[in-house]
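*Asks:* I have a structure I would like to understand better, so I am pasting it below and will then ask my questions one at a time.
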Amino acid sequence: MGAAEKEEPDPRPGAGRPLGEGRAMTFNRFVEAADRLASQIPEPLLEGLTGGIQVSREERQNPDDPPDVRILGEYITDPFLGAQIVLYHGSFRRLFAREPEEVWLEELAITLRHELRHHLETRAGLSDLDREDMEELQRLWDEWLAITEGAVDEEEGGEAGDPAKLEP
């Protein structure tokens, strides 16, 4: 790396910290943290969220997403249960098991805000966040394909290819 180049910090939660400094948050502690965060949301923003904010033990993964992507939370509308937000403890556990509690709490707050925004946009007839989510998913696919293509090319003794030419 040249003198003029500056290495960008890794944006991932807990990046730069040795693994093993944290431990998985228990399900009960996770529920308590989610309840505490939910209690801080102004009532008008929760209007129409008839199914409330739920916590599931499940680890959730969409088969159409890159293999290492997990769904941390989901805004669901159901004709019988109404609108609800579900937070997936199992997915948090998969991604943040070795992270300290402050990382769990930060990611939980980010996820709850994200799903609440889905709720508010749906009520307003907007889909900006849906588009942002699709763009982020495409970025994750591009990143995953670049990594896997690079690994295949290195095994074959070549250089990384153009991930845009690969089919997901």
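Ligands are numbered from 1 in the order shown, chains are lettered A, B, ... in the order of the structure tokens, and residues start at 1 in each chain.
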Which residues are close to stretch 85-90 of chain A, i.e. within 7 Å by only C-alpha atoms, leaving aside same-chain residues fewer than 5 positions away? Reply as a PyMOL selection string.

*Replies:* chain A and resi 27+52-60+72-76+115

*Asks:* Check the DSSP output for the backbone and give back, as number ranges by chain, the residues of stretch 13-161 of chain A in strand (DSSP E).

*Replies:* A: 52-56, 73-78, 82-88

*Asks:* For the residues in that selection, give me C-alpha atoms as a PDB file, in the first residue's frame.

*Replies:*
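To be explicit, this is the file written out as selection.pdb:
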ATOM      1  CA  GLY A  52     -46.973  -6.079  17.479  1.00  0.00           C
ATOM      2  CA  ILE A  53     -43.272  -6.755  17.672  1.00  0.00           C
ATOM      3  CA  GLN A  54     -42.483 -10.444  18.047  1.00  0.00           C
ATOM      4  CA  VAL A  55     -39.246 -12.287  18.766  1.00  0.00           C
ATOM      5  CA  SER A  56     -38.624 -15.698  17.226  1.00  0.00           C
ATOM      6  CA  GLY A  73     -35.929  -8.937  11.148  1.00  0.00           C
ATOM      7  CA  GLU A  74     -38.977  -8.902   8.957  1.00  0.00           C
ATOM      8  CA  TYR A  75     -42.046  -6.736   8.494  1.00  0.00           C
ATOM      9  CA  ILE A  76     -44.972  -9.021   7.736  1.00  0.00           C
ATOM     10  CA  THR A  77     -48.534  -8.220   6.767  1.00  0.00           C
ATOM     11  CA  ASP A  78     -51.011 -11.046   7.153  1.00  0.00           C
ATOM     12  CA  GLY A  82     -52.298  -8.088  10.770  1.00  0.00           C
ATOM     13  CA  ALA A  83     -49.050  -6.179  10.450  1.00  0.00           C
ATOM     14  CA  GLN A  84     -46.187  -7.280  12.657  1.00  0.00           C
ATOM     15  CA  ILE A  85     -42.446  -7.067  13.043  1.00  0.00           C
ATOM     16  CA  VAL A  86     -40.542 -10.277  13.756  1.00  0.00           C
ATOM     17  CA  LEU A  87     -36.977 -10.252  15.087  1.00  0.00           C
ATOM     18  CA  TYR A  88     -35.019 -13.493  14.613  1.00  0.00           C
TER      19      TYR A  88
END

*Asks:* Could you pull out the alpha helix (DSSP H) residues of stretch 28-92 of chain A from DSSP and send them as a short mmCIF file (atom, residue, chain, number, x, y, z; two decimals) with N, CA and C atoms, in the first residue's frame?

*Replies:*
data_model
loop_
_atom_site.label_atom_id
_atom_site.label_comp_id
_atom_site.auth_asym_id
_atom_site.auth_seq_id
_atom_site.Cartn_x
_atom_site.Cartn_y
_atom_site.Cartn_z
N ASN A 28 -33.81 -14.96 26.30
CA ASN A 28 -34.56 -14.12 27.25
C ASN A 28 -33.97 -12.71 27.33
N ARG A 29 -32.67 -12.61 27.33
CA ARG A 29 -32.02 -11.29 27.37
C ARG A 29 -32.32 -10.52 26.08
N PHE A 30 -32.34 -11.22 24.97
CA PHE A 30 -32.66 -10.61 23.67
C PHE A 30 -34.09 -10.07 23.68
N VAL A 31 -35.03 -10.86 24.21
CA VAL A 31 -36.43 -10.41 24.30
C VAL A 31 -36.52 -9.17 25.18
N GLU A 32 -35.83 -9.17 26.31
CA GLU A 32 -35.84 -8.00 27.20
C GLU A 32 -35.31 -6.76 26.48
N ALA A 33 -34.22 -6.92 25.74
CA ALA A 33 -33.63 -5.79 25.01
C ALA A 33 -34.60 -5.30 23.93
N ALA A 34 -35.24 -6.22 23.22
CA ALA A 34 -36.21 -5.83 22.19
C ALA A 34 -37.39 -5.11 22.82
N ASP A 35 -37.88 -5.61 23.95
CA ASP A 35 -39.00 -4.95 24.64
C ASP A 35 -38.62 -3.54 25.08
N ARG A 36 -37.41 -3.40 25.60
CA ARG A 36 -36.95 -2.08 26.05
C ARG A 36 -36.89 -1.10 24.87
N LEU A 37 -36.35 -1.55 23.75
CA LEU A 37 -36.29 -0.69 22.56
C LEU A 37 -37.69 -0.36 22.05
N ALA A 38 -38.56 -1.35 22.01
CA ALA A 38 -39.93 -1.14 21.52
C ALA A 38 -40.69 -0.15 22.40
N SER A 39 -40.43 -0.18 23.69
CA SER A 39 -41.13 0.73 24.61
C SER A 39 -40.73 2.18 24.40
N GLU A 43 -45.97 5.98 20.39
CA GLU A 43 -47.20 5.26 20.04
C GLU A 43 -47.71 5.54 18.62
N PRO A 44 -47.72 6.80 18.16
CA PRO A 44 -48.25 7.03 16.80
C PRO A 44 -47.51 6.24 15.71
N LEU A 45 -46.23 5.94 15.93
CA LEU A 45 -45.47 5.18 14.94
C LEU A 45 -45.86 3.70 14.93
N LEU A 46 -46.45 3.24 16.03
CA LEU A 46 -46.86 1.84 16.13
C LEU A 46 -48.29 1.61 15.67
N HIS A 89 -33.93 -14.11 16.69
CA HIS A 89 -32.80 -14.32 17.59
C HIS A 89 -31.79 -15.29 16.99
N GLY A 90 -32.26 -16.36 16.35
CA GLY A 90 -31.35 -17.34 15.76
C GLY A 90 -30.44 -16.74 14.70
N SER A 91 -30.95 -15.80 13.93
CA SER A 91 -30.12 -15.14 12.92
C SER A 91 -29.08 -14.24 13.58
N PHE A 92 -29.49 -13.52 14.62
CA PHE A 92 -28.53 -12.69 15.36
C PHE A 92 -27.45 -13.59 15.95
#

*Asks:* Report the closest atom pair, with its distance in Å rounded to one decimal, for each residue of stretch 43-70 of chain A that has an atom no farther than 12 Å from stretch 134-141 of chain A; count only C-alpha atoms, sort by chain and then rising residue number, and write it as a tab-separated table.

*Replies:*
residue	atom	partner	partner_atom	distance
A:Asn62	CA	A:Leu137	CA	11.1
A:Asp64	CA	A:Leu137	CA	9.9
A:Asp65	CA	A:Leu137	CA	7.3
A:Pro66	CA	A:Trp141	CA	5.9
A:Pro67	CA	A:Trp141	CA	9.4
A:Asp68	CA	A:Leu140	CA	9.5
A:Val69	CA	A:Leu140	CA	8.3
A:Arg70	CA	A:Leu137	CA	11.3

*Asks:* Okay, now the selection with N, CA and C atoms, as an mmCIF file, in the first residue's frame?

*Replies:*
data_model
loop_
_atom_site.group_PDB
_atom_site.id
_atom_site.type_symbol
_atom_site.label_atom_id
_atom_site.label_comp_id
_atom_site.auth_asym_id
_atom_site.auth_seq_id
_atom_site.Cartn_x
_atom_site.Cartn_y
_atom_site.Cartn_z
ATOM 1 N N ASN A 62 -33.228 -16.550 3.484
ATOM 2 C CA ASN A 62 -33.962 -16.637 2.232
ATOM 3 C C ASN A 62 -33.111 -17.449 1.258
ATOM 4 N N ASP A 64 -32.982 -17.439 -1.778
ATOM 5 C CA ASP A 64 -32.557 -16.643 -2.934
ATOM 6 C C ASP A 64 -31.448 -15.646 -2.593
ATOM 7 N N ASP A 65 -31.067 -15.562 -1.322
ATOM 8 C CA ASP A 65 -30.014 -14.642 -0.889
ATOM 9 C C ASP A 65 -28.658 -15.342 -0.932
ATOM 10 N N PRO A 66 -27.563 -14.571 -0.921
ATOM 11 C CA PRO A 66 -26.238 -15.194 -0.829
ATOM 12 C C PRO A 66 -26.171 -16.097 0.406
ATOM 13 N N PRO A 67 -25.369 -17.154 0.361
ATOM 14 C CA PRO A 67 -25.357 -18.157 1.426
ATOM 15 C C PRO A 67 -25.058 -17.641 2.831
ATOM 16 N N ASP A 68 -24.287 -16.577 2.965
ATOM 17 C CA ASP A 68 -23.925 -16.102 4.301
ATOM 18 C C ASP A 68 -24.851 -15.005 4.824
ATOM 19 N N VAL A 69 -25.930 -14.703 4.111
ATOM 20 C CA VAL A 69 -26.860 -13.643 4.515
ATOM 21 C C VAL A 69 -27.987 -14.247 5.346
ATOM 22 N N ARG A 70 -28.294 -13.614 6.463
ATOM 23 C CA ARG A 70 -29.405 -14.028 7.315
ATOM 24 C C ARG A 70 -30.386 -12.875 7.440
#

*Asks:* Got a sec: who's within 10 Å of A:Leu81, counting only C-alpha atoms, leaving out chain neighbours fewer than 6 positions off, as JSON, numbers by chain?

*Replies:* {"A": [49, 50, 51, 52]}

*Asks:* Name the residues in contact with A:Leu129 at a cut-off of 9 Å, using only C-alpha atoms, excluding same-chain residues fewer than 5 positions from it; report them as a list in words.

*Replies:*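 Once the nearby chain positions are removed, what remains is His114, Arg117, His118, Glu121 and Met134 of chain A.
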